[in-house]
file start-v9.pdb (PDB, C-alpha atoms)
ATOM      1  CA  MET M1159      77.866  99.594 106.228
ATOM      2  CA  THR M1160      74.833 101.415 107.576
ATOM      3  CA  THR M1161      75.507 105.010 106.528
ATOM      4  CA  THR M1162      76.405 106.915 103.393
ATOM      5  CA  GLU M1163      77.783 110.024 105.176
ATOM      6  CA  PRO M1164      81.520 109.914 104.305
ATOM      7  CA  ALA M1165      83.037 110.707 107.711
ATOM      8  CA  ALA M1166      80.584 108.390 109.491
ATOM      9  CA  ALA M1167      81.361 105.575 107.049
ATOM     10  CA  ALA M1168      85.087 106.101 107.618
ATOM     11  CA  ARG M1169      84.592 106.047 111.398
ATOM     12  CA  GLU M1170      82.808 102.703 111.056
ATOM     13  CA  ILE M1171      85.866 101.350 109.229
ATOM     14  CA  ALA M1172      88.111 102.715 111.988
ATOM     15  CA  ALA M1173      86.015 101.047 114.706
ATOM     16  CA  GLU M1174      85.973  97.777 112.772
ATOM     17  CA  ALA M1175      89.758  97.949 112.413
ATOM     18  CA  ALA M1176      90.232  98.631 116.133
ATOM     19  CA  ARG M1177      88.315  95.444 116.935
ATOM     20  CA  ALA M1178      90.453  93.470 114.474
ATOM     21  CA  TYR M1179      93.690  94.717 116.059
ATOM     22  CA  GLN M1180      92.347  93.884 119.510
ATOM     23  CA  GLU M1181      91.733  90.332 118.349
ATOM     24  CA  ALA M1182      95.155  90.071 116.696
ATOM     25  CA  LEU M1183      97.197  91.601 119.524
ATOM     26  CA  GLY M1184      95.173  90.653 122.595
ATOM     27  CA  GLU M1185      96.340  92.071 125.915
ATOM     28  CA  ARG M1186      99.458  93.520 124.272
ATOM     29  CA  LEU M1187      97.256  96.267 122.805
ATOM     30  CA  ILE M1188      96.845  99.074 125.350
ATOM     31  CA  GLY M1189      94.714 101.264 123.125
ATOM     32  CA  ALA M1190      93.581 102.027 119.589
ATOM     33  CA  TYR M1191      92.933 105.623 118.522
ATOM     34  CA  VAL M1192      91.656 107.443 115.468
ATOM     35  CA  LEU M1193      93.943 110.210 114.161
ATOM     36  CA  GLY M1194      93.987 112.793 111.389
ATOM     37  CA  SER M1195      90.953 114.477 109.907
ATOM     38  CA  LEU M1196      88.580 111.914 111.417
ATOM     39  CA  SER M1197      89.658 113.066 114.873
ATOM     40  CA  TYR M1198      90.052 116.830 114.452
ATOM     41  CA  GLY M1199      87.533 117.417 111.624
ATOM     42  CA  GLY M1200      87.755 118.124 107.916
ATOM     43  CA  TYR M1201      87.587 114.535 106.654
ATOM     44  CA  SER M1202      87.583 114.407 102.844
ATOM     45  CA  ALA M1203      86.099 111.414 101.072
ATOM     46  CA  ALA M1204      88.188 112.323  98.026
ATOM     47  CA  ALA M1205      91.580 112.693  99.688
ATOM     48  CA  SER M1206      91.737 111.672 103.368
ATOM     49  CA  ASP M1207      93.177 108.478 104.771
ATOM     50  CA  ILE M1208      91.629 106.611 107.691
ATOM     51  CA  ASP M1209      94.427 107.018 110.235
ATOM     52  CA  LEU M1210      94.680 104.740 113.253
ATOM     53  CA  ALA M1211      97.208 104.585 116.078
ATOM     54  CA  LEU M1212      97.987 101.459 118.085
ATOM     55  CA  VAL M1213      99.807 101.625 121.437
ATOM     56  CA  LEU M1214     101.284  98.335 122.634
ATOM     57  CA  THR M1215     102.740  97.251 125.952
ATOM     58  CA  GLU M1216     106.009  96.427 124.174
ATOM     59  CA  ILE M1217     107.157  95.417 120.707
ATOM     60  CA  GLY M1218     107.688  91.684 120.336
ATOM     61  CA  ASP M1219     109.073  89.576 117.499
ATOM     62  CA  GLY M1220     105.673  88.840 115.998
ATOM     63  CA  ASP M1221     104.029  92.229 116.396
ATOM     64  CA  ARG M1222     105.133  93.719 113.084
ATOM     65  CA  SER M1223     103.798  90.759 111.118
ATOM     66  CA  ALA M1224     100.577  90.742 113.183
ATOM     67  CA  VAL M1225      99.918  94.431 112.484
ATOM     68  CA  GLU M1226     100.858  94.177 108.819
ATOM     69  CA  SER M1227      98.833  91.010 108.136
ATOM     70  CA  THR M1228      95.774  92.415 109.935
ATOM     71  CA  THR M1229      96.072  95.667 107.986
ATOM     72  CA  ALA M1230      96.416  93.800 104.683
ATOM     73  CA  ALA M1231      93.347  91.673 105.431
ATOM     74  CA  LEU M1232      91.299  94.730 106.347
ATOM     75  CA  GLN M1233      92.369  96.625 103.224
ATOM     76  CA  GLU M1234      91.071  93.814 101.033
ATOM     77  CA  ARG M1235      87.499  94.262 102.232
ATOM     78  CA  SER M1236      86.518  97.329 100.181
ATOM     79  CA  PRO M1237      87.913 100.427  98.434
ATOM     80  CA  LEU M1238      87.179 102.428 101.579
ATOM     81  CA  HIS M1239      89.102  99.927 103.702
ATOM     82  CA  ARG M1240      92.124 100.502 101.434
ATOM     83  CA  LYS M1241      92.364 104.033 102.846
ATOM     84  CA  LEU M1242      93.346 102.566 106.211
ATOM     85  CA  SER M1243      96.767 103.775 107.439
ATOM     86  CA  VAL M1244      98.100 102.439 110.755
ATOM     87  CA  PHE M1245     100.772 103.794 113.090
ATOM     88  CA  TRP M1246     102.001 101.739 116.000
ATOM     89  CA  ALA M1247     104.611 101.699 118.760
ATOM     90  CA  SER M1248     105.077 100.683 122.383
ATOM     91  CA  LEU M1249     104.058 102.928 125.260
ATOM     92  CA  PRO M1250     107.593 102.960 126.740
ATOM     93  CA  ALA M1251     108.955 104.258 123.413
ATOM     94  CA  LEU M1252     106.207 106.856 123.081
ATOM     95  CA  ARG M1253     106.888 108.097 126.614
ATOM     96  CA  GLU M1254     110.530 108.611 125.646
ATOM     97  CA  GLY M1255     109.806 110.186 122.256
ATOM     98  CA  ARG M1256     111.071 107.159 120.340
ATOM     99  CA  ASP M1257     109.614 105.145 117.478
ATOM    100  CA  ASP M1258     110.083 101.400 117.863
ATOM    101  CA  GLY M1259     107.391 100.438 115.346
ATOM    102  CA  ARG M1260     105.913 102.765 112.717
ATOM    103  CA  PHE M1261     105.091 106.104 114.312
ATOM    104  CA  PRO M1262     106.572 109.301 112.814
ATOM    105  CA  ALA M1263     106.929 112.374 115.012
ATOM    106  CA  LEU M1264     104.048 114.308 113.426
ATOM    107  CA  ASP M1265     101.655 111.423 114.018
ATOM    108  CA  ARG M1266     102.845 111.105 117.628
ATOM    109  CA  LEU M1267     102.019 114.790 118.027
ATOM    110  CA  GLN M1268      98.582 114.247 116.470
ATOM    111  CA  LEU M1269      97.978 111.389 118.913
ATOM    112  CA  ALA M1270      98.837 113.624 121.870
ATOM    113  CA  ASP M1271      96.783 116.558 120.558
ATOM    114  CA  ASP M1272      93.762 115.081 118.830
ATOM    115  CA  GLY M1273      93.678 111.289 119.126
ATOM    116  CA  ARG M1274      90.320 109.763 120.027
ATOM    117  CA  VAL M1275      90.045 106.444 121.839
ATOM    118  CA  LEU M1276      88.407 103.651 119.860
ATOM    119  CA  ALA M1277      89.327 100.756 122.160
ATOM    120  CA  GLY M1278      91.314 100.185 125.328
ATOM    121  CA  SER M1279      92.848 102.799 127.597
ATOM    122  CA  ASP M1280      93.509 106.502 127.069
ATOM    123  CA  VAL M1281      97.262 107.053 127.487
ATOM    124  CA  ARG M1282      97.572 110.198 125.359
ATOM    125  CA  ALA M1283      98.731 112.296 128.316
ATOM    126  CA  GLU M1284     101.804 110.049 128.582
ATOM    127  CA  ILE M1285     102.996 110.655 125.002
ATOM    128  CA  ALA M1286     106.170 112.755 124.729
ATOM    129  CA  ARG M1287     105.567 115.684 122.410
ATOM    130  CA  PRO M1288     108.202 116.010 119.658
ATOM    131  CA  SER M1289     110.132 119.254 119.477
ATOM    132  CA  ALA M1290     109.714 121.784 116.685
ATOM    133  CA  ALA M1291     113.238 120.886 115.494
ATOM    134  CA  GLU M1292     112.358 117.183 115.273
ATOM    135  CA  LEU M1293     109.211 117.975 113.295
ATOM    136  CA  LEU M1294     111.170 120.223 110.934
ATOM    137  CA  LEU M1295     113.800 117.570 110.246
ATOM    138  CA  GLU M1296     111.148 114.899 109.721
ATOM    139  CA  SER M1297     109.086 116.956 107.266
ATOM    140  CA  ALA M1298     112.225 118.063 105.403
ATOM    141  CA  GLY M1299     113.446 114.491 105.139
ATOM    142  CA  PHE M1300     110.035 113.375 103.871
ATOM    143  CA  ALA M1301     110.005 116.132 101.254
ATOM    144  CA  ILE M1302     113.417 115.124  99.911
ATOM    145  CA  ALA M1303     112.657 111.397  99.931
ATOM    146  CA  VAL M1304     109.170 111.597  98.383
ATOM    147  CA  LEU M1305     108.761 114.903  96.545
ATOM    148  CA  ALA M1306     112.267 115.793  95.364
ATOM    149  CA  THR M1307     112.844 112.666  93.287
ATOM    150  CA  ASP M1308     113.599 113.026  89.581
ATOM    151  CA  GLU M1309     110.312 111.293  88.758
ATOM    152  CA  VAL M1310     108.184 113.705  90.792
ATOM    153  CA  THR M1311     110.162 116.735  89.636
ATOM    154  CA  ALA M1312     109.482 115.691  86.031
ATOM    155  CA  GLU M1313     105.788 115.250  86.874
ATOM    156  CA  PHE M1314     105.670 118.797  88.191
ATOM    157  CA  ARG M1315     106.905 119.991  84.788
ATOM    158  CA  THR M1316     104.703 117.734  82.654
ATOM    159  CA  PRO M1317     101.728 116.607  84.752
ATOM    160  CA  LYS M1318     100.049 113.312  83.980
ATOM    161  CA  ARG M1319      98.979 111.576  87.182
ATOM    162  CA  LEU M1320      98.306 114.988  88.778
ATOM    163  CA  LEU M1321      95.550 115.551  86.212
ATOM    164  CA  VAL M1322      93.593 112.397  87.027
ATOM    165  CA  ASP M1323      94.415 111.346  90.616
ATOM    166  CA  LYS M1324      92.524 113.429  93.197
ATOM    167  CA  VAL M1325      94.549 112.175  96.148
ATOM    168  CA  TRP M1326      97.917 112.832  94.508
ATOM    169  CA  PHE M1327      96.781 116.228  93.231
ATOM    170  CA  THR M1328      95.600 117.448  96.633
ATOM    171  CA  LYS M1329      98.601 116.023  98.470
ATOM    172  CA  ALA M1330     101.129 117.423  95.980
ATOM    173  CA  VAL M1331      99.635 120.911  96.242
ATOM    174  CA  LEU M1332      98.918 120.942  99.983
ATOM    175  CA  PHE M1333     102.064 119.235 101.349
ATOM    176  CA  PRO M1334     104.184 122.398 101.008
ATOM    177  CA  VAL M1335     101.345 124.532 102.405
ATOM    178  CA  ARG M1336     101.153 122.383 105.547
ATOM    179  CA  PHE M1337     104.929 122.257 105.889
ATOM    180  CA  LEU M1338     105.138 126.045 105.634
ATOM    181  CA  TYR M1339     102.366 126.529 108.180
ATOM    182  CA  SER M1340     103.947 124.068 110.613
ATOM    183  CA  GLY M1341     107.078 126.204 110.528
ATOM    184  CA  THR M1342     105.059 129.118 111.927
ATOM    185  CA  THR M1343     103.838 127.162 114.991
ATOM    186  CA  PRO M1344     106.970 126.714 117.135
ATOM    187  CA  THR M1345     104.917 125.404 120.046
ATOM    188  CA  GLY M1346     104.748 122.103 118.163
ATOM    189  CA  ARG M1347     100.994 121.953 117.652
ATOM    190  CA  ALA M1348      99.884 119.640 114.854
ATOM    191  CA  ALA M1349      98.523 121.570 111.877
ATOM    192  CA  ASN M1350      95.524 120.505 109.811
ATOM    193  CA  ASN M1351      94.798 121.221 106.156
ATOM    194  CA  ASP M1352      92.058 123.797 106.718
ATOM    195  CA  GLU M1353      94.158 125.870 109.104
ATOM    196  CA  ALA M1354      97.175 125.703 106.822
ATOM    197  CA  ILE M1355      95.187 126.711 103.730
ATOM    198  CA  ASP M1356      93.523 129.662 105.483
ATOM    199  CA  TRP M1357      96.900 130.841 106.765
ATOM    200  CA  TYR M1358      98.582 130.495 103.366
ATOM    201  CA  LEU M1359      95.835 132.322 101.490
ATOM    202  CA  GLY M1360      96.189 135.164 103.961
ATOM    203  CA  LEU M1361      99.831 135.769 103.025
ATOM    204  CA  ALA M1362     100.430 138.819 100.854
ATOM    205  CA  ASP M1363     103.327 137.396  98.828
ATOM    206  CA  ALA M1364     102.411 133.716  98.561
ATOM    207  CA  PRO M1365     102.350 132.342  94.985
ATOM    208  CA  ALA M1366      99.807 129.926  93.490
ATOM    209  CA  ALA M1367      96.870 131.082  95.613
ATOM    210  CA  SER M1368      94.348 130.005  92.965
ATOM    211  CA  LEU M1369      95.972 126.552  92.744
ATOM    212  CA  VAL M1370      95.750 126.141  96.523
ATOM    213  CA  ARG M1371      92.081 127.202  96.443
ATOM    214  CA  LEU M1372      91.415 124.644  93.724
ATOM    215  CA  ALA M1373      93.120 121.903  95.755
ATOM    216  CA  ARG M1374      90.875 122.777  98.689
ATOM    217  CA  GLU M1375      87.807 122.535  96.427
ATOM    218  CA  VAL M1376      88.912 119.182  94.982
ATOM    219  CA  ARG M1377      89.562 117.906  98.485
ATOM    220  CA  ALA M1378      85.991 118.892  99.351
ATOM    221  CA  GLY M1379      84.582 116.944  96.388
ATOM    222  CA  HIS M1380      84.932 119.264  93.379
ATOM    223  CA  PRO M1381      85.589 117.215  90.203
ATOM    224  CA  LEU M1382      89.185 116.964  89.042
ATOM    225  CA  GLU M1383      88.867 118.297  85.502
ATOM    226  CA  PRO M1384      92.132 118.208  83.475
ATOM    227  CA  ALA M1385      91.105 121.269  81.436
ATOM    228  CA  GLU M1386      90.709 123.261  84.664
ATOM    229  CA  VAL M1387      93.653 121.780  86.564
ATOM    230  CA  GLU M1388      96.374 121.775  83.906
ATOM    231  CA  PRO M1389      96.756 125.579  83.498
ATOM    232  CA  GLU M1390      96.685 126.035  87.280
ATOM    233  CA  LEU M1391      99.468 123.487  87.710
ATOM    234  CA  ALA M1392     101.505 125.010  84.892
ATOM    235  CA  ALA M1393     101.274 128.472  86.413
ATOM    236  CA  GLY M1394     101.527 127.690  90.094
ATOM    237  CA  LEU M1395     103.032 124.362  91.139
ATOM    238  CA  VAL M1396     106.734 125.104  90.575
ATOM    239  CA  PRO M1397     106.491 128.632  92.101
ATOM    240  CA  LEU M1398     104.707 127.122  95.114
ATOM    241  CA  TYR M1399     107.466 124.578  95.654
ATOM    242  CA  ARG M1400     110.273 127.070  95.131
ATOM    243  CA  TYR M1401     108.605 129.351  97.706
ATOM    244  CA  TYR M1402     108.467 126.427 100.150
ATOM    245  CA  ILE M1403     112.051 125.352  99.409
ATOM    246  CA  GLU M1404     113.376 128.870 100.060
ATOM    247  CA  ALA M1405     111.586 129.082 103.422
ATOM    248  CA  GLU M1406     112.535 125.541 104.433
ATOM    249  CA  THR M1407     116.182 126.010 103.500
ATOM    250  CA  ARG M1408     116.311 129.150 105.624
ATOM    251  CA  ARG M1409     114.771 127.350 108.631
ATOM    252  CA  LEU M1410     117.107 124.382 108.246
ATOM    253  CA  ARG M1411     120.132 126.661 108.270
ATOM    254  CA  GLU M1412     118.834 128.612 111.269
ATOM    255  CA  THR M1413     118.345 125.418 113.286
ATOM    256  CA  GLY M1414     121.730 123.917 112.386
ATOM    257  CA  ALA M1415     120.340 121.019 110.348
ATOM    258  CA  PRO M1416     122.791 118.567 108.743
ATOM    259  CA  GLU M1417     124.535 120.140 105.785
ATOM    260  CA  ASP M1418     123.644 117.295 103.455
ATOM    261  CA  LEU M1419     119.934 117.990 104.063
ATOM    262  CA  VAL M1420     120.413 121.686 103.315
ATOM    263  CA  ASP M1421     122.371 120.746 100.166
ATOM    264  CA  ALA M1422     119.527 118.445  99.076
ATOM    265  CA  PHE M1423     117.097 121.369  99.191
ATOM    266  CA  THR M1424     119.517 123.573  97.273
ATOM    267  CA  ASP M1425     119.869 120.899  94.596
ATOM    268  CA  TRP M1426     116.084 120.436  94.443
ATOM    269  CA  ASP M1427     115.613 124.152  93.873
ATOM    270  CA  LYS M1428     118.125 124.101  91.015
ATOM    271  CA  ARG M1429     116.319 121.222  89.339
ATOM    272  CA  LEU M1430     113.035 123.120  89.551
ATOM    273  CA  SER M1431     114.440 126.407  88.278
TER     274      SER M1431
END

call {"tool": "encode", "arguments": {"input": "start-v9.pdb", "output": "structure tokens"}}
result
Amino acid sequence: MTTTEPAAAAREIAAEAARAYQEALGERLIGAYVLGSLSYGGYSAAASDIDLALVLTEIGDGDRSAVESTTAALQERSPLHRKLSVFWASLPALREGRDDGRFPALDRLQLADDGRVLAGSDVRAEIARPSAAELLLESAGFAIAVLATDEVTAEFRTPKRLLVDKVWFTKAVLFPVRFLYSGTTPTGRAANNDEAIDWYLGLADAPAASLVRLAREVRAGHPLEPAEVEPELAAGLVPLYRYYIEAETRRLRETGAPEDLVDAFTDWDKRLS
């Protein structure tokens, strides 16, 4: 490593990873791209992942194991390497708006909008952009699967990990902010944290503004001090999520989402109330 500037150090990891995937996948790899905050700006040493996208000619029997074993080997090299997160699929699937590897809709949109070529060919113009409805269903499904569990709901009431884990703290606070902001951009443009935070803090009726400001500061490198964070979480986290749940439930109903998904949000709201 030749630099101590956080984003530059992360970009070096991304370039190193692209070379490793080229070696592992050979001519089957069309291109490797950097995504997320390293591509559109706002990289946070405290909270950001190092997001890479791999586009293959097709998905073969050994490709999953090749990607996963290469990723695992890279992540063993240093704590910074452990931030590596890799999305991958074939170009035919991406042209058709499908995922035949590991490539959620939001990340496909980020590839089309903001991906930067690290190795191989630039095929971003060929990527099918997911619809606003697909993005809504994906984010809602993620929220129910990851954030609406009994364990996380209990953590929102009695924080423990939130008081000491910078990444979990910033993600837990900013996930609903980004989801809410994405719902205001029906053109399907990928939202970033800075845009979402600025938009949210500009709302007249939005709860937990001071908590969202603190999450932005922690993401930028401010120390995570339990004495400072705990009262902010106690006052703002549940109101923030109930505000998000109300808006998301309304959008799901308006778009004709599956009833079981709507019911899951209704149940989540009851458990938070």

call {"tool": "residues_around", "arguments": {"input": "start-v9.pdb", "residues": "Glu1406 in chain M", "least_positions_apart": "2", "cutoff": "9 Å", "atoms": "all atoms listed in the file", "output": "PDB file with C-alpha atoms, keeping the file's coordinate frame"}}
result
ATOM      1  CA  LEU M1294     111.170 120.223 110.934  1.00  0.00           C
ATOM      2  CA  ALA M1298     112.225 118.063 105.403  1.00  0.00           C
ATOM      3  CA  PHE M1337     104.929 122.257 105.889  1.00  0.00           C
ATOM      4  CA  LEU M1338     105.138 126.045 105.634  1.00  0.00           C
ATOM      5  CA  GLY M1341     107.078 126.204 110.528  1.00  0.00           C
ATOM      6  CA  TYR M1401     108.605 129.351  97.706  1.00  0.00           C
ATOM      7  CA  TYR M1402     108.467 126.427 100.150  1.00  0.00           C
ATOM      8  CA  ILE M1403     112.051 125.352  99.409  1.00  0.00           C
ATOM      9  CA  GLU M1404     113.376 128.870 100.060  1.00  0.00           C
ATOM     10  CA  ARG M1408     116.311 129.150 105.624  1.00  0.00           C
ATOM     11  CA  ARG M1409     114.771 127.350 108.631  1.00  0.00           C
ATOM     12  CA  LEU M1410     117.107 124.382 108.246  1.00  0.00           C
ATOM     13  CA  ARG M1411     120.132 126.661 108.270  1.00  0.00           C
ATOM     14  CA  VAL M1420     120.413 121.686 103.315  1.00  0.00           C
ATOM     15  CA  PHE M1423     117.097 121.369  99.191  1.00  0.00           C
TER      16      PHE M1423
END

call {"tool": "axis_aligned_box", "arguments": {"input": "start-v9.pdb", "around": "range 1168-1178 of chain M", "padding_each_side": "4 Å", "output": "lines of an AutoDock Vina configuration file"}}
result
center_x = 86.6
center_y = 99.8
center_z = 112.3
size_x = 15.6
size_y = 20.6
size_z = 17.3

call {"tool": "closest_residue", "arguments": {"input": "start-v9.pdb", "among": "M:Leu1264, M:Ala1290, M:Ala1203, M:Leu1295", "to": "Ala1166 in chain M", "atoms": "all atoms listed in the file"}}
result
M:Ala1203

call {"tool": "atom_distance", "arguments": {"input": "start-v9.pdb", "atom1": "CA of Gly1259 in chain M", "atom2": "CA of Ile1208 in chain M"}}
result
18.6 Å

call {"tool": "residues_near_point", "arguments": {"input": "start-v9.pdb", "point": "(95.2, 97.6, 117.9)", "cutoff": "9 Å", "atoms": "only C-alpha atoms", "output": "list in words"}}
result
Ala1175, Ala1176, Arg1177, Ala1178, Tyr1179, Gln1180, Glu1181, Ala1182, Leu1183, Gly1184, Arg1186, Leu1187, Ile1188, Gly1189, Ala1190, Tyr1191, Leu1210, Ala1211, Leu1212, Val1213, Leu1214, Val1225, Trp1246, Ala1277 and Gly1278 of chain M

call {"tool": "residues_around", "arguments": {"input": "start-v9.pdb", "residues": "range 1361-1372 of chain M", "least_positions_apart": "4", "cutoff": "8 Å", "atoms": "all atoms listed in the file", "output": "ChimeraX atom specification"}}
result
/M:1331-1332,1355,1357,1376,1390-1391,1393-1395,1397-1398,1401

call {"tool": "atom_distance", "arguments": {"input": "start-v9.pdb", "atom1": "CA of Val1281 in chain M", "atom2": "CA of Pro1250 in chain M"}}
result
11.1 Å

call {"tool": "residues_around", "arguments": {"input": "start-v9.pdb", "residues": "Arg1374 in chain M", "least_positions_apart": "2", "cutoff": "12 Å", "atoms": "only C-alpha atoms", "output": "VMD selection string"}}
result
chain M and resid 1200 to 1202 1204 to 1205 1324 to 1325 1327 to 1332 1335 1351 to 1356 1358 to 1359 1367 to 1372 1376 to 1382

call {"tool": "atom_distance", "arguments": {"input": "start-v9.pdb", "atom1": "CA of Asp1265 in chain M", "atom2": "CA of Asp1425 in chain M"}}
result
28.3 Å
